[in-house]
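K.L.:
Please find final.pdb (PDB, C-alpha atoms, pLDDT in the B column) on the next line:
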```
ATOM      1  CA  MET J  27     136.576  82.203  46.451  1.00 92.00           C
ATOM      2  CA  ILE J  28     138.758  85.021  47.737  1.00 95.00           C
ATOM      3  CA  CYS J  29     138.079  86.477  51.198  1.00 95.00           C
ATOM      4  CA  LYS J  30     136.929  90.094  50.908  1.00 93.00           C
ATOM      5  CA  TYR J  31     138.632  90.983  54.206  1.00 95.00           C
ATOM      6  CA  CYS J  32     142.156  89.649  53.699  1.00 96.00           C
ATOM      7  CA  ASN J  33     142.313  88.431  50.048  1.00 96.00           C
ATOM      8  CA  TYR J  34     143.199  84.898  51.211  1.00 95.00           C
ATOM      9  CA  GLU J  35     141.815  81.850  49.366  1.00 97.00           C
ATOM     10  CA  MET J  36     138.717  80.536  51.178  1.00 97.00           C
ATOM     11  CA  LYS J  37     137.989  76.806  51.528  1.00 97.00           C
ATOM     12  CA  GLU J  38     134.705  75.578  50.071  1.00 95.00           C
ATOM     13  CA  GLY J  39     132.492  73.410  52.260  1.00 95.00           C
ATOM     14  CA  PHE J  40     129.032  73.318  53.820  1.00 91.00           C
ATOM     15  CA  ILE J  41     127.111  73.776  57.051  1.00 88.00           C
ATOM     16  CA  PRO J  42     124.813  70.799  57.826  1.00 87.00           C
ATOM     17  CA  THR J  43     121.341  72.028  58.744  1.00 83.00           C
ATOM     18  CA  GLY J  44     117.914  70.548  59.235  1.00 74.00           C
ATOM     19  CA  GLY J  45     116.207  73.858  59.747  1.00 65.00           C
ATOM     20  CA  SER J  46     117.431  74.298  63.316  1.00 70.00           C
ATOM     21  CA  VAL J  47     120.191  76.771  62.424  1.00 79.00           C
ATOM     22  CA  ARG J  48     118.907  80.344  62.486  1.00 79.00           C
ATOM     23  CA  TRP J  49     120.169  83.910  62.233  1.00 80.00           C
ATOM     24  CA  ILE J  50     118.589  86.216  64.825  1.00 80.00           C
ATOM     25  CA  PRO J  51     119.082  90.006  64.777  1.00 80.00           C
ATOM     26  CA  LYS J  52     120.638  91.678  67.804  1.00 83.00           C
ATOM     27  CA  GLY J  53     118.000  92.489  70.406  1.00 82.00           C
ATOM     28  CA  GLN J  54     115.620  89.684  69.380  1.00 77.00           C
ATOM     29  CA  SER J  55     115.007  86.547  71.428  1.00 73.00           C
ATOM     30  CA  CYS J  56     115.241  82.987  70.136  1.00 67.00           C
ATOM     31  CA  ASP J  57     112.750  81.311  72.462  1.00 60.00           C
ATOM     32  CA  LYS J  58     110.339  80.152  69.729  1.00 56.00           C
ATOM     33  CA  LEU J  59     110.127  76.413  69.137  1.00 52.00           C
ATOM     34  CA  PHE J  60     108.874  76.772  65.545  1.00 51.00           C
ATOM     35  CA  PHE J  61     110.355  79.799  63.846  1.00 52.00           C
ATOM     36  CA  ARG J  62     108.244  81.544  61.230  1.00 55.00           C
ATOM     37  CA  GLY J  63     109.442  85.158  61.416  1.00 50.00           C
ATOM     38  CA  SER J  64     110.304  87.483  58.567  1.00 49.00           C
ATOM     39  CA  LYS J  65     113.939  88.176  57.735  1.00 48.00           C
ATOM     40  CA  GLU J  66     113.760  91.884  58.439  1.00 49.00           C
ATOM     41  CA  LYS J  67     112.075  91.757  61.857  1.00 60.00           C
ATOM     42  CA  GLU J  68     112.753  88.391  63.482  1.00 69.00           C
ATOM     43  CA  GLY J  69     115.585  86.694  61.619  1.00 75.00           C
ATOM     44  CA  PHE J  70     115.454  83.637  59.406  1.00 77.00           C
ATOM     45  CA  ARG J  71     116.169  79.928  59.204  1.00 77.00           C
ATOM     46  CA  ILE J  72     119.372  78.826  57.462  1.00 80.00           C
ATOM     47  CA  GLY J  73     118.204  76.284  54.900  1.00 77.00           C
ATOM     48  CA  PRO J  74     114.783  74.651  54.610  1.00 75.00           C
ATOM     49  CA  LEU J  75     113.059  72.909  57.513  1.00 74.00           C
ATOM     50  CA  LYS J  76     113.481  69.130  57.184  1.00 76.00           C
ATOM     51  CA  LEU J  77     111.977  66.574  59.535  1.00 76.00           C
ATOM     52  CA  PHE J  78     114.259  63.807  58.269  1.00 79.00           C
ATOM     53  CA  GLY J  79     117.669  64.268  56.713  1.00 80.00           C
ATOM     54  CA  ILE J  80     120.066  67.164  56.666  1.00 82.00           C
ATOM     55  CA  THR J  81     120.487  69.993  54.180  1.00 83.00           C
ATOM     56  CA  LYS J  82     123.972  71.045  53.104  1.00 86.00           C
ATOM     57  CA  GLN J  83     124.104  74.841  53.020  1.00 86.00           C
ATOM     58  CA  PRO J  84     127.073  75.922  50.879  1.00 90.00           C
ATOM     59  CA  ALA J  85     129.713  77.813  52.865  1.00 92.00           C
ATOM     60  CA  TRP J  86     133.296  79.043  52.552  1.00 95.00           C
ATOM     61  CA  TYR J  87     135.830  79.295  55.368  1.00 97.00           C
ATOM     62  CA  CYS J  88     138.789  81.673  55.544  1.00 97.00           C
ATOM     63  CA  PRO J  89     141.514  80.071  57.692  1.00 96.00           C
ATOM     64  CA  ASN J  90     143.347  83.409  57.814  1.00 97.00           C
ATOM     65  CA  CYS J  91     140.426  85.475  59.220  1.00 96.00           C
ATOM     66  CA  ASP J  92     138.574  82.563  60.891  1.00 96.00           C
ATOM     67  CA  LEU J  93     135.472  83.749  59.029  1.00 96.00           C
ATOM     68  CA  ILE J  94     132.654  81.692  57.477  1.00 95.00           C
ATOM     69  CA  LEU J  95     130.581  82.924  54.527  1.00 93.00           C
ATOM     70  CA  ILE J  96     127.338  80.939  54.190  1.00 90.00           C
ATOM     71  CA  VAL J  97     124.581  80.849  51.586  1.00 84.00           C
ATOM     72  CA  CYS J  98     121.437  81.579  53.604  1.00 81.00           C
ATOM     73  CA  LYS J  99     118.701  80.961  51.041  1.00 69.00           C
ATOM     74  CA  ALA J 100     116.038  78.507  52.101  1.00 55.00           C
ATOM     75  CA  ASN J 101     115.996  76.418  48.920  1.00 52.00           C
ATOM     76  CA  THR J 102     118.886  74.194  47.963  1.00 50.00           C
ATOM     77  CA  ASP J 103     119.088  70.889  46.139  1.00 50.00           C
ATOM     78  CA  LYS J 104     122.061  69.621  48.152  1.00 49.00           C
ATOM     79  CA  THR J 105     120.685  67.265  50.802  1.00 46.00           C
ATOM     80  CA  ILE J 106     122.027  64.234  52.647  1.00 43.00           C
ATOM     81  CA  SER J 107     120.046  61.576  54.496  1.00 38.00           C
TER
END
```
Give the structure from the file, written as structure tokens.
P.N.:
Amino acid sequence: MICKYCNYEMKEGFIPTGGSVRWIPKGQSCDKLFFRGSKEKEGFRIGPLKLFGITKQPAWYCPNCDLILIVCKANTDKTIS
């Protein structure tokens, strides 16, 4: 994948998640133990919630920009134990 900022080749990889990685909009707090908010108002969980095991969320890294592009959808079939 080519970086949209600098046109450098990005490196394919993944972010290991178990449901604890979240995106929170500016101005919102992240003090909830169990996050169930909507994307638009309260942010969202990166990957599905898993009690055991880790989900691999596909991601690309640009070593030139130091930027990570991550697939944020909750459903993925790439899991590790």
K.L.:
How many Å separate atom CA of Ile96 of chain J from atom CA of Lys82 of chain J?
P.N.:
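Computed distance, atom CA of Ile96 of chain J to atom CA of Lys82 of chain J, equals 10.5 Å.
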K.L.:
If you count all atoms listed in the file, which residues fall within 7 Å of Tyr34 of chain J, apart from same-chain ones fewer than 3 positions away, as a PyMOL selection string?
P.N.:
chain J and resi 28-29+88+90
K.L.:
Can you tell me how far atom CA of Lys30 of chain J sits from atom CA of Val97 of chain J, in Å to one decimal?
P.N.:
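About the pair atom CA of Lys30 of chain J and atom CA of Val97 of chain J: they are 15.4 Å apart.
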K.L.:
When the PyMOL selection byres ((chain J and resi 47) around 12) is applied to the file above, which residues end up in the set, as a PyMOL selection string?
P.N.:
chain J and resi 41-46+48-50+56+60-61+69-76+80-83+96+98+100
K.L.:
Between atom CA of Glu35 of chain J and atom CA of Ala85 of chain J, what is the distance in Å, rounded to a tenth?
P.N.:
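Going from atom CA of Glu35 of chain J over to atom CA of Ala85 of chain J, I get 13.2 Å.
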K.L.:
Find the spatial neighbours of Cys91 of chain J, counting all atoms listed in the file, within a cut-off of 10 Å - ignore same-chain residues fewer than 4 positions away - and output them as a PyMOL selection string.
P.N.:
chain J and resi 29+31-34+36+87
K.L.:
Kindly provide, as lines of an AutoDock Vina configuration file, the centre and edge lengths (Å, one decimal) of an axis-aligned box around all atoms of segment 34-37 of chain J given in the file, with 5 Å on each side.
P.N.:
```
center_x = 140.6
center_y = 80.9
center_z = 50.4
size_x = 15.2
size_y = 18.1
size_z = 12.2
```
